[in-house]
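Raw contents of model.cif, mmCIF, C-alpha atoms:
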```cif
data_entry
#
loop_
_atom_site.label_atom_id
_atom_site.label_comp_id
_atom_site.auth_asym_id
_atom_site.auth_seq_id
_atom_site.Cartn_x
_atom_site.Cartn_y
_atom_site.Cartn_z
CA MET A 40 -50.08 -1.86 30.27
CA ALA A 41 -47.68 -3.15 27.70
CA THR A 42 -49.81 -6.18 26.98
CA GLU A 43 -53.06 -4.36 26.23
CA PRO A 44 -53.69 -3.81 22.55
CA THR A 45 -53.39 -0.11 22.08
CA THR A 46 -55.97 1.09 19.65
CA ALA A 47 -57.94 4.18 18.99
CA VAL A 48 -61.12 2.44 19.92
CA LEU A 49 -60.05 1.93 23.53
CA THR A 50 -60.29 4.82 25.92
CA PRO A 51 -57.51 7.08 24.81
CA GLY A 52 -57.09 8.94 28.07
CA ASP A 53 -55.84 6.24 30.41
CA ALA A 54 -52.51 5.57 28.76
CA PRO A 55 -50.42 8.58 27.83
CA ALA A 56 -48.07 6.24 25.96
CA ASP A 57 -50.88 5.32 23.66
CA ALA A 58 -49.66 4.32 20.23
CA THR A 59 -52.67 5.52 18.29
CA GLY A 60 -50.60 8.16 16.57
CA MET A 61 -46.89 8.65 16.56
CA PRO A 62 -45.37 8.23 20.02
CA GLN A 63 -42.63 10.44 18.63
CA LEU A 64 -45.04 13.36 18.77
CA ASN A 65 -45.96 12.80 22.40
CA VAL A 66 -44.56 15.98 23.86
CA GLU A 67 -44.74 14.61 27.41
CA SER A 68 -41.79 12.33 26.72
CA PHE A 69 -39.59 15.09 25.27
CA PRO A 70 -38.00 16.43 28.49
CA ASN A 71 -37.05 12.92 29.52
CA GLN A 72 -35.46 12.06 26.17
CA ILE A 73 -33.69 15.38 25.81
CA PHE A 74 -32.29 15.21 29.34
CA TRP A 75 -30.89 11.70 28.93
CA LEU A 76 -29.68 12.44 25.41
CA VAL A 77 -27.66 15.44 26.58
CA LEU A 78 -26.28 13.36 29.44
CA ALA A 79 -25.31 10.56 27.03
CA LEU A 80 -23.67 12.97 24.59
CA ILE A 81 -21.69 14.66 27.35
CA ALA A 82 -20.58 11.27 28.67
CA ILE A 83 -19.47 10.10 25.21
CA TYR A 84 -17.78 13.44 24.50
CA PHE A 85 -15.72 13.35 27.69
CA VAL A 86 -14.76 9.72 27.32
CA LEU A 87 -13.77 10.26 23.70
CA SER A 88 -11.89 13.53 24.07
CA ARG A 89 -10.13 12.57 27.32
CA VAL A 90 -9.37 8.89 26.83
CA ALA A 91 -10.29 7.16 23.61
CA LEU A 92 -9.31 9.58 20.86
CA PRO A 93 -5.90 10.63 22.28
CA ARG A 94 -5.10 6.98 22.91
CA ILE A 95 -6.04 5.85 19.40
CA ALA A 96 -4.24 8.86 17.92
CA SER A 97 -1.09 7.97 19.84
CA VAL A 98 -1.34 4.34 18.77
CA LEU A 99 -1.74 5.37 15.14
CA ALA A 100 1.15 7.83 15.40
CA GLU A 101 3.30 5.20 17.06
CA ARG A 102 2.46 2.71 14.34
CA GLN A 103 3.24 5.27 11.67
CA GLY A 104 6.53 5.99 13.41
CA THR A 105 7.37 2.32 13.69
CA ILE A 106 6.58 1.76 10.04
CA THR A 107 8.66 4.77 9.01
CA ASN A 108 11.55 3.63 11.18
CA ASP A 109 11.33 0.10 9.87
CA ILE A 110 11.28 1.30 6.30
CA ALA A 111 14.28 3.55 6.98
CA ALA A 112 16.12 0.67 8.66
CA ALA A 113 15.27 -1.62 5.75
CA GLU A 114 16.53 1.03 3.34
CA GLU A 115 19.76 1.31 5.31
CA LEU A 116 20.23 -2.45 5.42
CA LYS A 117 19.53 -2.64 1.70
CA GLN A 118 22.19 -0.01 1.08
CA LYS A 119 24.61 -1.90 3.32
CA ALA A 120 23.90 -5.10 1.44
CA ALA A 121 24.52 -3.32 -1.86
CA GLU A 122 27.78 -1.95 -0.49
CA ALA A 123 28.83 -5.38 0.75
CA GLU A 124 28.01 -6.82 -2.66
CA LYS A 125 30.05 -4.13 -4.34
CA ALA A 126 32.98 -4.81 -2.00
CA TYR A 127 32.68 -8.51 -2.68
CA GLU A 128 32.64 -7.94 -6.43
CA LYS A 129 35.65 -5.71 -6.13
CA ALA A 130 37.52 -8.30 -4.05
CA LEU A 131 36.58 -10.94 -6.59
CA ALA A 132 37.82 -8.80 -9.47
CA ASP A 133 41.03 -8.04 -7.60
CA ALA A 134 41.60 -11.70 -6.84
CA ARG A 135 41.00 -12.55 -10.49
CA ALA A 136 43.44 -9.91 -11.63
CA GLU A 137 46.01 -11.12 -9.12
CA ALA A 138 45.55 -14.71 -10.24
CA ASN A 139 45.96 -13.64 -13.85
CA ARG A 140 49.05 -11.72 -12.99
CA ILE A 141 50.60 -14.66 -11.13
CA ALA A 142 49.72 -17.01 -13.95
CA GLU A 143 51.24 -14.61 -16.44
CA GLU A 144 54.36 -14.33 -14.34
CA ASN A 145 54.68 -18.09 -14.03
CA LYS A 146 54.17 -18.48 -17.72
CA ALA A 147 56.91 -15.94 -18.50
CA GLU A 148 59.26 -17.61 -16.03
CA MET A 149 58.61 -21.01 -17.50
CA GLN A 150 58.97 -19.63 -21.00
CA ALA A 151 62.35 -18.18 -20.04
CA GLU A 152 63.41 -21.50 -18.54
CA ILE A 153 62.24 -23.35 -21.61
CA ASP A 154 64.03 -20.91 -23.86
CA ALA A 155 67.22 -21.31 -21.86
CA ALA A 156 66.94 -25.10 -21.97
CA ASN A 157 66.25 -24.95 -25.70
CA ALA A 158 69.27 -22.75 -26.29
CA ARG A 159 71.43 -25.06 -24.23
CA ALA A 160 70.18 -28.09 -26.08
CA GLU A 161 70.72 -26.46 -29.45
CA ALA A 162 74.24 -25.49 -28.54
CA GLU A 163 74.95 -29.05 -27.45
CA ILE A 164 73.45 -30.41 -30.65
CA ALA A 165 75.52 -28.03 -32.74
CA GLU A 166 78.64 -29.08 -30.89
CA LYS A 167 77.87 -32.74 -31.35
CA MET A 168 77.09 -32.19 -34.99
CA GLU A 169 80.41 -30.52 -35.51
CA ALA A 170 82.24 -33.38 -33.90
CA SER A 171 80.28 -35.88 -35.94
CA GLU A 172 81.02 -34.03 -39.15
CA ALA A 173 84.73 -33.98 -38.31
CA ARG A 174 84.63 -37.67 -37.69
CA ILE A 175 82.73 -38.32 -40.92
CA ALA A 176 85.31 -36.33 -42.84
CA GLU A 177 88.10 -38.30 -41.20
CA ILE A 178 86.38 -41.58 -42.00
CA ARG A 179 85.81 -40.45 -45.62
CA ASP A 180 89.47 -39.57 -46.02
CA GLY A 181 90.48 -42.89 -44.52
CA ALA A 182 88.13 -44.65 -46.90
CA MET A 183 89.59 -42.92 -49.98
CA GLN A 184 93.06 -43.91 -48.93
CA SER A 185 92.00 -47.50 -48.36
CA VAL A 186 90.31 -47.58 -51.79
CA GLU A 187 93.57 -46.44 -53.40
CA THR A 188 95.61 -49.02 -51.55
CA VAL A 189 93.18 -51.79 -52.41
CA ALA A 190 93.10 -50.69 -56.06
CA LYS A 191 96.85 -50.66 -56.28
CA GLU A 192 97.22 -54.05 -54.67
CA THR A 193 94.42 -55.48 -56.78
CA ALA A 194 95.95 -54.06 -59.94
CA TYR A 195 99.27 -55.55 -59.10
CA ALA A 196 97.79 -58.92 -58.27
CA VAL A 197 95.74 -58.89 -61.49
CA VAL A 198 98.78 -58.03 -63.58
CA GLU A 199 100.87 -60.69 -61.84
CA SER A 200 98.22 -63.36 -62.24
CA LEU A 201 97.98 -62.61 -65.93
CA GLY A 202 101.55 -63.84 -66.16
CA PHE A 203 103.19 -60.51 -66.54
CA ASP A 204 106.24 -59.52 -64.62
CA ALA A 205 104.61 -56.85 -62.72
CA ASP A 206 106.34 -53.90 -61.34
CA GLN A 207 104.81 -52.54 -58.22
CA GLY A 208 105.79 -49.03 -59.12
CA GLN A 209 104.22 -49.17 -62.60
CA THR A 210 100.84 -50.50 -61.50
CA ASP A 211 100.66 -48.02 -58.72
CA ALA A 212 101.33 -45.17 -61.13
CA ALA A 213 98.71 -46.53 -63.55
CA VAL A 214 96.12 -46.85 -60.83
CA GLU A 215 96.86 -43.36 -59.55
CA LYS A 216 96.55 -42.06 -63.10
CA GLN A 217 93.18 -43.85 -63.59
CA MET A 218 91.78 -42.64 -60.29
CA LYS A 219 92.70 -39.07 -61.07
CA GLY A 220 91.15 -39.47 -64.48
CA ALA A 221 87.98 -40.89 -62.96
CA ALA A 222 87.86 -38.31 -60.29
CA MET B 7 -53.88 0.47 11.31
CA ALA B 8 -55.65 -2.68 12.42
CA THR B 9 -58.01 -2.54 15.33
CA ALA B 10 -58.72 -5.13 18.00
CA SER B 11 -61.93 -6.12 16.24
CA ASP B 12 -59.91 -7.56 13.37
CA GLY B 13 -59.13 -10.57 15.52
CA GLY B 14 -55.92 -12.07 14.10
CA PHE B 15 -54.44 -8.81 12.94
CA ASN B 16 -53.19 -7.17 16.09
CA ILE B 17 -50.54 -5.10 14.48
CA ALA B 18 -49.44 -2.09 16.47
CA PRO B 19 -46.27 -1.05 14.68
CA MET B 20 -45.85 2.15 16.62
CA ASP B 21 -45.96 0.54 20.08
CA GLN B 22 -42.24 -0.03 19.99
CA PHE B 23 -41.59 3.69 19.99
CA VAL B 24 -43.49 4.43 23.21
CA VAL B 25 -41.34 5.92 25.93
CA GLN B 26 -42.11 4.15 29.19
CA PRO B 27 -40.69 4.27 32.69
CA LEU B 28 -38.57 1.24 33.40
CA PHE B 29 -39.27 0.77 37.08
CA SER B 30 -42.69 2.33 37.66
CA ASP B 31 -46.04 2.85 35.98
CA GLY B 32 -46.25 6.57 36.44
CA PRO B 33 -45.87 9.33 33.90
CA VAL B 34 -42.56 9.93 32.18
CA GLY B 35 -40.96 12.85 33.95
CA MET B 36 -37.76 14.58 32.96
CA PHE B 37 -35.52 12.47 35.22
CA THR B 38 -37.48 9.24 35.03
CA VAL B 39 -35.33 6.27 34.10
CA SER B 40 -37.12 5.18 30.96
CA ASN B 41 -36.48 2.73 28.15
CA ALA B 42 -34.99 5.69 26.28
CA THR B 43 -32.54 6.10 29.16
CA LEU B 44 -31.63 2.43 29.04
CA TRP B 45 -30.91 2.29 25.32
CA MET B 46 -29.04 5.59 25.25
CA ALA B 47 -26.95 4.34 28.17
CA LEU B 48 -26.28 1.12 26.25
CA ALA B 49 -25.13 3.21 23.29
CA VAL B 50 -22.71 5.01 25.61
CA VAL B 51 -21.52 1.70 27.07
CA CYS B 52 -20.98 0.19 23.62
CA THR B 53 -19.07 3.26 22.49
CA VAL B 54 -16.86 3.03 25.56
CA LEU B 55 -16.42 -0.72 25.07
CA LEU B 56 -15.33 -0.27 21.49
CA LEU B 57 -13.19 2.83 21.69
CA VAL B 58 -11.79 2.63 25.23
CA VAL B 59 -11.76 -1.04 26.17
CA GLY B 60 -11.07 -2.07 22.60
CA SER B 61 -7.99 0.11 22.37
CA ARG B 62 -6.64 -0.60 25.87
CA GLY B 63 -3.86 -2.81 24.47
CA ARG B 64 -2.33 0.18 22.62
CA ALA B 65 -0.72 -2.44 20.43
CA VAL B 66 1.27 -1.54 17.36
CA ILE B 67 -0.19 -4.70 15.85
CA PRO B 68 -3.83 -4.28 16.87
CA SER B 69 -6.25 -6.81 18.26
CA ARG B 70 -9.59 -7.23 16.48
CA ALA B 71 -11.42 -4.78 18.73
CA GLN B 72 -8.59 -2.28 18.42
CA SER B 73 -8.70 -2.62 14.64
CA VAL B 74 -12.39 -1.78 14.62
CA ALA B 75 -11.83 1.15 16.98
CA GLU B 76 -9.05 2.45 14.75
CA LEU B 77 -11.24 1.91 11.71
CA ALA B 78 -14.03 4.01 13.24
CA TYR B 79 -11.52 6.67 14.25
CA GLY B 80 -9.90 6.76 10.82
CA PHE B 81 -13.27 6.75 9.05
CA VAL B 82 -14.58 9.84 10.83
CA TYR B 83 -11.20 11.58 11.01
CA LYS B 84 -10.72 11.25 7.26
CA MET B 85 -14.28 12.42 6.67
CA VAL B 86 -13.69 15.57 8.73
CA GLU B 87 -10.36 16.17 7.04
CA ASP B 88 -11.64 15.60 3.51
CA VAL B 89 -14.99 17.36 3.74
CA THR B 90 -14.28 20.18 6.15
CA GLY B 91 -10.56 20.70 5.79
CA LYS B 92 -7.44 20.29 7.86
CA ASP B 93 -8.26 23.27 10.10
CA ALA B 94 -11.44 21.51 11.27
CA VAL B 95 -9.79 18.54 12.95
CA ARG B 96 -10.05 20.37 16.27
CA TYR B 97 -13.82 19.79 16.04
CA PHE B 98 -13.24 16.10 15.37
CA PRO B 99 -14.18 14.95 18.92
CA TYR B 100 -17.62 16.60 18.63
CA ILE B 101 -18.27 14.98 15.29
CA MET B 102 -16.96 11.63 16.48
CA THR B 103 -19.31 11.88 19.47
CA LEU B 104 -22.28 12.42 17.18
CA PHE B 105 -21.26 9.61 14.86
CA MET B 106 -20.63 7.04 17.58
CA PHE B 107 -23.85 7.88 19.44
CA ILE B 108 -26.05 7.67 16.33
CA LEU B 109 -24.30 4.56 15.01
CA MET B 110 -24.51 2.69 18.31
CA ALA B 111 -28.12 3.78 18.94
CA ASN B 112 -29.12 2.72 15.41
CA MET B 113 -27.38 -0.64 15.67
CA LEU B 114 -28.68 -1.42 19.17
CA ALA B 115 -32.17 -0.51 17.99
CA LEU B 116 -32.00 -3.45 15.60
CA ILE B 117 -32.03 -5.89 18.50
CA PRO B 118 -35.58 -7.27 18.68
CA THR B 119 -37.75 -5.73 21.44
CA SER B 120 -35.25 -2.91 21.85
CA PHE B 121 -36.07 0.79 21.83
CA SER B 122 -34.77 3.16 19.17
CA PRO B 123 -33.73 6.52 20.60
CA THR B 124 -32.86 7.85 17.14
CA SER B 125 -36.39 7.20 15.88
CA HIS B 126 -37.58 10.08 18.06
CA ILE B 127 -37.73 13.53 16.60
CA ALA B 128 -37.00 14.91 20.09
CA VAL B 129 -33.61 13.21 20.03
CA THR B 130 -32.67 13.92 16.43
CA ALA B 131 -33.91 17.51 16.69
CA VAL B 132 -31.63 18.11 19.65
CA LEU B 133 -28.72 16.59 17.73
CA ALA B 134 -29.49 18.63 14.60
CA LEU B 135 -30.17 21.86 16.50
CA ALA B 136 -26.92 21.46 18.42
CA VAL B 137 -25.14 21.24 15.07
CA PHE B 138 -27.16 24.11 13.58
CA ILE B 139 -26.71 26.50 16.49
CA GLY B 140 -23.09 25.51 17.04
CA VAL B 141 -22.23 25.95 13.37
CA THR B 142 -24.04 29.28 13.09
CA VAL B 143 -22.40 30.71 16.21
CA LEU B 144 -19.03 29.39 15.07
CA GLY B 145 -19.55 30.97 11.64
CA PHE B 146 -20.17 34.41 13.15
CA VAL B 147 -17.35 34.06 15.69
CA LYS B 148 -14.83 32.98 13.05
CA ASN B 149 -15.88 35.27 10.19
CA GLY B 150 -17.89 38.08 11.79
CA ALA B 151 -20.41 39.69 9.48
CA SER B 152 -18.70 38.23 6.42
CA PHE B 153 -20.31 34.93 7.41
CA LEU B 154 -23.40 36.38 5.73
CA SER B 155 -21.62 36.15 2.38
CA LEU B 156 -22.67 32.51 2.55
CA PHE B 157 -26.09 33.77 1.39
CA TRP B 158 -24.76 36.19 -1.19
CA VAL B 159 -23.88 34.10 -4.22
CA SER B 160 -21.20 36.26 -5.80
CA SER B 161 -20.86 34.00 -8.82
CA ALA B 162 -24.47 34.68 -9.89
CA PRO B 163 -25.61 37.70 -11.93
CA LEU B 164 -26.22 40.73 -9.73
CA ALA B 165 -29.94 40.85 -10.46
CA LEU B 166 -30.39 37.27 -9.31
CA ARG B 167 -28.45 37.63 -6.09
CA PRO B 168 -31.24 38.97 -3.84
CA ILE B 169 -33.56 36.18 -4.91
CA LEU B 170 -30.83 33.61 -4.42
CA ALA B 171 -30.10 35.13 -1.03
CA ILE B 172 -33.68 34.51 0.06
CA ILE B 173 -33.54 30.94 -1.24
CA GLU B 174 -30.21 30.35 0.45
CA LEU B 175 -31.54 31.79 3.70
CA ILE B 176 -34.59 29.53 3.63
CA SER B 177 -32.51 26.49 2.77
CA TYR B 178 -30.14 27.37 5.61
CA PHE B 179 -32.97 27.40 8.16
CA VAL B 180 -34.49 24.23 6.73
CA ARG B 181 -31.22 22.42 7.33
CA PRO B 182 -31.88 21.34 10.93
CA VAL B 183 -35.36 20.15 9.96
CA SER B 184 -34.17 17.93 7.14
CA HIS B 185 -31.14 16.93 9.16
CA SER B 186 -33.26 15.62 12.04
CA VAL B 187 -36.32 14.33 10.17
CA ARG B 188 -34.15 12.33 7.79
CA LEU B 189 -32.64 10.30 10.62
CA ALA B 190 -35.81 9.88 12.69
CA GLY B 191 -37.92 9.14 9.61
CA ASN B 192 -35.60 6.47 8.27
CA ILE B 193 -35.30 4.64 11.57
CA THR B 194 -39.02 4.92 12.37
CA ALA B 195 -40.12 3.75 8.95
CA GLY B 196 -37.77 0.78 8.89
CA HIS B 197 -38.75 -0.44 12.33
CA ALA B 198 -42.45 0.07 11.68
CA VAL B 199 -42.21 -1.96 8.48
CA LEU B 200 -40.44 -4.75 10.36
CA LYS B 201 -43.21 -4.75 12.95
CA VAL B 202 -45.95 -4.82 10.30
CA PHE B 203 -44.37 -7.83 8.62
CA ALA B 204 -43.96 -9.48 12.01
CA GLY B 205 -47.72 -9.01 12.51
CA PHE B 206 -48.36 -10.67 9.14
CA ALA B 207 -46.15 -13.57 10.18
CA ALA B 208 -48.18 -14.02 13.35
CA ALA B 209 -51.46 -14.01 11.41
CA LEU B 210 -50.60 -16.11 8.35
CA GLY B 211 -50.05 -19.45 10.04
CA VAL B 212 -48.46 -21.91 7.59
CA PHE B 213 -47.56 -19.18 5.14
CA SER B 214 -45.78 -17.16 7.76
CA PHE B 215 -42.47 -18.09 6.16
CA LEU B 216 -43.17 -15.50 3.46
CA PRO B 217 -43.23 -12.47 5.75
CA ILE B 218 -40.36 -13.99 7.73
CA LEU B 219 -38.27 -14.08 4.57
CA ALA B 220 -39.30 -10.50 3.91
CA ILE B 221 -38.32 -9.55 7.47
CA THR B 222 -34.90 -11.13 6.96
CA ALA B 223 -34.34 -9.11 3.80
CA ILE B 224 -35.64 -5.88 5.33
CA TYR B 225 -33.53 -6.46 8.43
CA ALA B 226 -30.41 -6.62 6.26
CA LEU B 227 -31.50 -3.40 4.61
CA GLU B 228 -32.06 -1.84 8.03
CA VAL B 229 -28.53 -2.74 9.12
CA LEU B 230 -27.34 -0.85 6.06
CA VAL B 231 -29.68 2.05 6.81
CA ALA B 232 -28.50 2.18 10.42
CA PHE B 233 -24.93 2.73 9.27
CA ILE B 234 -25.75 4.96 6.32
CA GLN B 235 -27.94 7.29 8.38
CA ALA B 236 -25.17 7.70 10.95
CA TYR B 237 -22.78 8.39 8.09
CA VAL B 238 -25.15 10.85 6.40
CA PHE B 239 -25.81 12.73 9.62
CA THR B 240 -22.09 13.00 10.27
CA ILE B 241 -21.08 14.04 6.78
CA LEU B 242 -23.82 16.70 6.68
CA THR B 243 -22.46 18.00 9.97
CA CYS B 244 -19.06 18.21 8.30
CA VAL B 245 -20.55 20.06 5.31
CA TYR B 246 -22.33 22.58 7.57
CA LEU B 247 -19.17 23.04 9.57
CA LYS B 248 -17.27 23.73 6.37
CA ASP B 249 -19.79 26.44 5.48
CA ALA B 250 -19.19 28.00 8.87
CA LEU B 251 -15.41 27.95 8.57
CA HIS B 252 -15.23 28.91 4.90
CA PRO B 253 -18.48 30.73 4.04
CA HIS B 254 -17.21 32.14 0.75
CA HIS B 255 -18.41 30.19 -2.24
#
```
Represent the supplied structure as structure tokens.
Amino acid sequence: MATEPTTAVLTPGDAPADATGMPQLNVESFPNQIFWLVLALIAIYFVLSRVALPRIASVLAERQGTITNDIAAAEELKQKAAEAEKAYEKALADARAEANRIAEENKAEMQAEIDAANARAEAEIAEKMEASEARIAEIRDGAMQSVETVAKETAYAVVESLGFDADQGQTDAAVEKQMKGAA
Amino acid sequence: MATASDGGFNIAPMDQFVVQPLFSDGPVGMFTVSNATLWMALAVVCTVLLLVVGSRGRAVIPSRAQSVAELAYGFVYKMVEDVTGKDAVRYFPYIMTLFMFILMANMLALIPTSFSPTSHIAVTAVLALAVFIGVTVLGFVKNGASFLSLFWVSSAPLALRPILAIIELISYFVRPVSHSVRLAGNITAGHAVLKVFAGFAAALGVFSFLPILAITAIYALEVLVAFIQAYVFTILTCVYLKDALHPHH
């Protein structure tokens, strides 16, 4: 019956499922459709309300919980990392301060040592200078004396070579007198 | 409609909507296993496949099927929550049942040579009347006589209120009609048009590619319509349910 062309021209009585009008308005098929529809709806309703929807709801809730937990854990780890960083910075700053302090200490120590060495060296130099000055004075005195002696002897020799009867005492006195005058 | 005497044009666009017994030639009785039975059962099976089998992994990171199941769940759940309110989520399973049945029936009906249960006014009228009666009873149970304030527009001038009440009352009782005819009409019209173009394709010979192109375009539109009509039916159910739970304007 499905193959026959269903038209209004053909005998309308033999096929109740005739498609001349709207099959939707064929009241004979209503009880069948309504019965199976109600059955289908009840089946879907029970499957959904007993199995599918609670399951999906629990999955969604679980996922939400997992996400919330993960975010909380991430937040905690982030905080921990920040704390660790802070501790590290603090340790670094401490170490720097300590290093500075040690360097400062060493510097002061060395400065003290240098100062001490300097003082010692200066004292030594002063001492040596004193000795040198004493010696210079001694040498100068010696030199003056030698000059006088040489002058006296020279004067005497000069006078004698000029043919005069030279008196040692006279020339010496003259030389002494000249030197004093020159001085 | 074309008749047999037209020769090439043997278009019978309404044939596809005929309810027939599957295993016999007799009349369609109430308990006869018919093509309507088959396609409604397939809608149930597809719903179960998607929502039960699809979600059987219960995975935190979902499989594809589970994603789609969760998407459908979230789509309808959010619709109920947004349109009807948080106190209406206890009616969510009913609404989800309606949505999944209509959606699956509409989509399965797009398979060529299939039968469209939702193109039948008998089916959509039962769906719409179930909503109408359920919502009306629920409105009176929840609100008592104050449910009638739904028809008494207190924001309008007093003189207008009786007239508005009559209009509101009429529109309230027209709801199940529009609710059911909208769905059945859309599905029927779309499928009939597809069949008509298919008849053109059979008759036009070399130029049959034109109606075939048209069929392709209309088919895409029908896929959209199949989803949108399920969505519209569901969201109207939510709106009616909201009126029942909160009848005050």
Report task. List the residues matched by the PyMOL selection byres ((chain B and resi 113) around 12) in the displayed structure as a ChimeraX atom specification, ordered by chain and then by residue number. Result -> /B:45-46,48-49,52-53,105-112,114-118,120-125,193,197,225-226,228-236
Output file for the selection above: C-alpha atoms, as a compact mmCIF listing (two decimals), in the frame of the given file:
```txt
# COMPACT_ATOMS: atom_id res chain seq x y z
CA TRP B 45 -30.91 2.29 25.32
CA MET B 46 -29.04 5.59 25.25
CA LEU B 48 -26.28 1.12 26.25
CA ALA B 49 -25.13 3.21 23.29
CA CYS B 52 -20.98 0.19 23.62
CA THR B 53 -19.07 3.26 22.49
CA PHE B 105 -21.26 9.61 14.86
CA MET B 106 -20.63 7.04 17.58
CA PHE B 107 -23.85 7.88 19.44
CA ILE B 108 -26.05 7.67 16.33
CA LEU B 109 -24.30 4.56 15.01
CA MET B 110 -24.51 2.69 18.31
CA ALA B 111 -28.12 3.78 18.94
CA ASN B 112 -29.12 2.72 15.41
CA LEU B 114 -28.68 -1.42 19.17
CA ALA B 115 -32.17 -0.51 17.99
CA LEU B 116 -32.00 -3.45 15.60
CA ILE B 117 -32.03 -5.89 18.50
CA PRO B 118 -35.58 -7.27 18.68
CA SER B 120 -35.25 -2.91 21.85
CA PHE B 121 -36.07 0.79 21.83
CA SER B 122 -34.77 3.16 19.17
CA PRO B 123 -33.73 6.52 20.60
CA THR B 124 -32.86 7.85 17.14
CA SER B 125 -36.39 7.20 15.88
CA ILE B 193 -35.30 4.64 11.57
CA HIS B 197 -38.75 -0.44 12.33
CA TYR B 225 -33.53 -6.46 8.43
CA ALA B 226 -30.41 -6.62 6.26
CA GLU B 228 -32.06 -1.84 8.03
CA VAL B 229 -28.53 -2.74 9.12
CA LEU B 230 -27.34 -0.85 6.06
CA VAL B 231 -29.68 2.05 6.81
CA ALA B 232 -28.50 2.18 10.42
CA PHE B 233 -24.93 2.73 9.27
CA ILE B 234 -25.75 4.96 6.32
CA GLN B 235 -27.94 7.29 8.38
CA ALA B 236 -25.17 7.70 10.95
```
Report task. Report as a VMD selection string the residues that result from applying the PyMOL selection byres ((chain B and resi 132) around 10) to the structure here. Result -> (chain A and resid 72 to 73 76 to 77) or (chain B and resid 127 to 131 133 to 138 182 186)
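For the pair atom CA of Lys201 of chain B and atom CA of Leu28 of chain B, the interatomic distance is 21.8 Å.
Atom pair atom CA of Ile83 of chain A / atom CA of Ala96 of chain A: separated by 16.9 Å.
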Requested in this report: Calculate how many Å separate atom CA of Gly80 of chain B from atom CA of Asp93 of chain B, rounding to one decimal.
Outcome: 16.6 Å
Residues at most 12 Å from segment 197-199 of chain A, counting all atoms listed in the file, excluding those fewer than 4 positions away in the same chain, as a tab-separated table (two decimals) with C-alpha atoms, in the coordinates of the input?
```
chain	number	residue	atom	x	y	z
A	189	VAL	CA	93.18	-51.79	-52.41
A	190	ALA	CA	93.10	-50.69	-56.06
A	191	LYS	CA	96.85	-50.66	-56.28
A	192	GLU	CA	97.22	-54.05	-54.67
A	193	THR	CA	94.42	-55.48	-56.78
A	203	PHE	CA	103.19	-60.51	-66.54
A	204	ASP	CA	106.24	-59.52	-64.62
A	205	ALA	CA	104.61	-56.85	-62.72
A	206	ASP	CA	106.34	-53.90	-61.34
A	207	GLN	CA	104.81	-52.54	-58.22
A	209	GLN	CA	104.22	-49.17	-62.60
A	210	THR	CA	100.84	-50.50	-61.50
A	211	ASP	CA	100.66	-48.02	-58.72
A	213	ALA	CA	98.71	-46.53	-63.55
A	214	VAL	CA	96.12	-46.85	-60.83
```
Requested in this report: Decode the PyMOL selection byres ((chain A) within 7 of (chain B)) for the given file into explicit residues and return them as a VMD selection string.
Outcome: chain A and resid 44 46 56 58 61 to 63 68 to 76 79 to 80 83 to 84 87 to 88 90 to 91 95 98 102
